[in-house]
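S.K.: Below you will find the structure I want to go over with you.
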Amino acid sequence: MIRIITTFAILCLFGSGLQAQSYITGTITDALSDGPIDLATLFIEKSNTAAQSDQNGEFRIEVPIGEAFNLRISRVGYKEVITEISPMPNKAIRTLSIAMIPMDAGVEVIVTDTRLEEGGMIVEGVEELKLLPTASGNFESVLPHIALGASSGTGGELSSQYNVRGGNYDENLVYVNDFEIYRPQLIRAGQQEGLTFPNIDMIRDLSFSSGGFEAKYGDKLSSVLDIKYKRPDSLAASVGLSALGGSAHLEGSFQAGKSSYQRFRYLIGARYKTTRYLLGSLDVTGEYTPNFTDVQAYVTYDLNREWQLGLIGNYNRSVYQFIPQSRSTALGLINFALQLFTVFEGQEVDDFTTSMGGVSLTYLPDREENPLYLKFLASTFQSNENERFDILGFYSLRQIESDLGSDNFGEVVAELGTGTQHQWARNYLTSQVTNVQHKGGIELQLDPDKDDVTANHFFQWSVKYQHERIEDHINEWERLDSAGYSLPYDTNFVQVFYVLKSDNNLMSNRFTAFIQDTYTWKKDSVAEWRLSAGLRAAYWDLNGEAFVTPRAQVLYKPFVAGRDISFRLSGGLYYQPPFYRELRGLDGQVNTDVLAQKSAHVVGGFTWDFNWSKLSKKPFRFITEIYYKKLWDLVSYDIDNVRIRYSGENDASGYVMGIDMRLNGEFVPGAESWFNLSFLRAREQLDGVQHLEREIGEPEASEVEDVPRPTDQLMTMSVFFQDYLPRNENFKMHLNLTIGTGLPYGLRGNNEVYRNTYRFSPYHRVDIGFSILLWDAIRRKAKPKHFLRFTERTWLSLEVFNLLKVQNEASNTWIKTIFNQQYAIPNYLTSRRINLRLRMDF
């Protein structure tokens, strides 16, 4: 690990060439199902060079230098592929994506050069991620390990929410097969969070952009995650079991009627999750009963060879029940140690039920005969969220003897405060989002004068109408008692510390549209250019705001001997119209005059593909991006665990700047690993507020122009590393390492002038998993009586969460005394836990 991390640092700083030959790498898939094709033979004509694809469809073949040649790809049951490869310089790597057609299909073979990322998006498969040890059980928890600038924030391992480049959880777009995905609004802690929409067993691949994305994607400030589900061509299934729940999925296809090809395809997944075992390691002891369930299906039917009907449906229910008993939390310094001890009465019962249904109709003819593409979508999303708790806590804040030489070491030496904290809530939220959309595109091939030059335009457009309905009923309060006196103290009345009551009902309509053109120009042995430019327009009838925002991306790849590199520059205006939470202020009242939060992005990037080891079938890839985001009309907010509380006004401005780096590749053949390193600075200024800052040791506060945003995290590093025994690839190790500097926070109820002046302790966590391949039907055909012969592949994994048993902080519990002193008592995340996981593929 030390050698690998050192190598990563050297590559980031110097980047010297390491390959000594030219190669073509890539993947071979079934054009109809998108599944990998193994055992396909690749052969270079007029030579003795050949190679074969592995079980993931991946291949690598050494090629001649400086001359054109034909590459032949063949596989039993598929049409042979012959593609002409232009001359490649010395020490170059070219990546191809080859889609082969079954013999009985009536379409043509597709060969795509994938050297440039589409629109600056990072594209990844998910097979390598299925064995990654993760406590949340959600796919999004792996994003910080493969995506640039993504981090898990204060939710830690219990949450799948993620921040991207100084943004918050609400600033990220998520699409599944072109349907936009929404999430519940009331969740306030990671332990309440259930299963998110994306199901990793159903995912084919994903694309992710951390900023500066194309106009075809929606109106958010930070990022876009575009997920494509599988299109199966044969029967397959999987089952997973562990102490944290289980999952199962079924996929397949069959001919309908008298058709000669697979017309009906189905993909069904079910998941169950319970974090009771994990939550048992928290400081607060009690009876945890979390139950989370998700069922979804994606079905397609080919009406003919040009028209396809798609249906997607999802039902998700999360129930969190908690009866707390006691809490004991130690904190402080070596010469001043404190302990908070609390005894509880009452319980919490939360349930979140979401459902989503969508239908799509796609027109996709033969691209050579008709380059037009059309798609029509309609979907509806509904969420019913109920939050109910009545918890009474009797606390005692004590000073503990910390002198190792004292006879009273570890015992209570002073009682700093006693009191009662009573929290009560009955909150109910119902939201429904319904939309219809049309999107399309047309590709126009240009006819340059020179034979070695190709060029084309790809025009895209879309119009969308969306109707939203919100019903929100809030009734919550908190009572604080210190030494027998209710806070705030009043000689005439008994007052509660905090109360929030409101009833809000909203109905609104949104209209959005975009146009975009992507121009691609390529000249063999010289360079490739891709220019994408577009406009987005939006209007929301609730606040009457309309806007038009431009976006553009430029990608350039020179064909230089000894280097496989590309450069990209992107930018534009990115506006985020408010959803319901941004409209609701701290007093529970809705401000319908809130305008869209606005940002201007400038992103510059560099990608380098290189060959480190001749044994690896895939090239290594180093990516770096530097960015600057100007922000205005912001709605300021504070974060408590994963709960975001907005001010309900456009009352802030700011900026974010930073640099992200990623290195991924097969440090050992057949096992890909990812290394991410990010630095950022996120600052803001509240309108009409002169911020102050007091330096340590200085008696007077000084004025400052800006203060940290709640997501200002100077450095984050994440590693997903895989390895296996030198002589036994069936025994693998998966290491998941996350390190991040502390996030800022401020005083409760007084976080304006001295804003976000404190920071949580740095976050660092190691999860490790050891997996053994118990059965592989392809490799072990000689054992027909094996007890797992009914499966195609079976893995057994032993996982250790929080290997180093680090106490990471999620939020604070504020203890206030009658003398108006406040103590921030950290709420720690989970401790070390061991999990056993079984995965069977059929």
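Numbering starts fresh at 1 for the residues of each chain in the structure tokens, the chains themselves are lettered A, B, ... in the order given, and ligands are numbered from 1 as they appear.
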Within region 205-309 of chain A, find each residue whose DSSP state, derived from the backbone, is helix (DSSP H, G or I), and express the selection as a list in words.
M.R.: Arg276, Tyr277, Leu278 and Leu279 of chain A
S.K.: Go ahead and save the picked residues with N, CA, C and O atoms, as a compact mmCIF listing (two decimals), in the first residue's frame.
M.R.:
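Result file follows (selection.txt):
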```txt
# COMPACT_ATOMS: atom_id res chain seq x y z
N ARG A 276 -29.72 -2.76 12.43
CA ARG A 276 -29.79 -2.96 13.88
C ARG A 276 -28.44 -3.39 14.46
O ARG A 276 -28.04 -2.92 15.53
N TYR A 277 -27.76 -4.26 13.76
CA TYR A 277 -26.46 -4.74 14.22
C TYR A 277 -25.45 -3.60 14.28
O TYR A 277 -24.67 -3.47 15.24
N LEU A 278 -25.44 -2.71 13.27
CA LEU A 278 -24.52 -1.58 13.26
C LEU A 278 -24.85 -0.56 14.35
O LEU A 278 -23.98 -0.07 15.06
N LEU A 279 -26.15 -0.25 14.48
CA LEU A 279 -26.56 0.78 15.43
C LEU A 279 -26.31 0.37 16.88
O LEU A 279 -26.25 1.22 17.77
```
S.K.: Write out as a list of chain:residue names each polymer residue whose atoms come within 10 Å of Leu535 (chain A), counting only C-alpha atoms; drop sequence neighbours fewer than 2 positions from it.
M.R.: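 Counting only the stated atoms, we get A:Glu214, A:Ala215, A:Lys216, A:Trp461, A:Ala513, A:Phe514, A:Ile515, A:Gln516, A:Asp517, A:Ala533, A:Ala537, A:Val548, A:Thr549, A:Pro550, A:Arg551, A:Ala552, A:Gly572, A:Leu573.
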S.K.: Run DSSP on the backbone of this structure and report the residues of region 746-792 of chain A it assigns to strand (DSSP E or B), as number ranges by chain.
M.R.: A: 758-759, 763-776
S.K.: Could you save the residues just selected, with C-alpha atoms, as a PDB file, in the first residue's frame?
M.R.:
```pdb
ATOM      1  CA  TYR A 758     -15.672  25.363  14.864  1.00  0.00           C
ATOM      2  CA  ARG A 759     -14.804  22.118  13.114  1.00  0.00           C
ATOM      3  CA  TYR A 763     -12.853  11.765   9.524  1.00  0.00           C
ATOM      4  CA  HIS A 764     -10.865   8.618   8.871  1.00  0.00           C
ATOM      5  CA  ARG A 765     -12.161   5.108   8.444  1.00  0.00           C
ATOM      6  CA  VAL A 766     -10.983   1.790   7.047  1.00  0.00           C
ATOM      7  CA  ASP A 767     -13.300  -1.004   5.929  1.00  0.00           C
ATOM      8  CA  ILE A 768     -11.781  -4.244   4.709  1.00  0.00           C
ATOM      9  CA  GLY A 769     -13.258  -7.335   3.157  1.00  0.00           C
ATOM     10  CA  PHE A 770     -11.844 -10.780   2.387  1.00  0.00           C
ATOM     11  CA  SER A 771     -13.646 -12.741  -0.330  1.00  0.00           C
ATOM     12  CA  ILE A 772     -13.223 -16.313  -1.470  1.00  0.00           C
ATOM     13  CA  LEU A 773     -14.644 -17.662  -4.700  1.00  0.00           C
ATOM     14  CA  LEU A 774     -16.325 -20.885  -3.597  1.00  0.00           C
ATOM     15  CA  TRP A 775     -17.525 -21.890  -7.048  1.00  0.00           C
ATOM     16  CA  ASP A 776     -17.067 -20.771 -10.649  1.00  0.00           C
TER      17      ASP A 776
END
```
S.K.: Any idea what's packed within 8 Å of region 652-665 of chain A, counting only C-alpha atoms, ignoring anything in its chain fewer than 6 positions away? Could you give it as an NGL selection string?
M.R.: :A and (8 or 12 or 146 or 148-149 or 165-166 or 618-636 or 672-687 or 706)
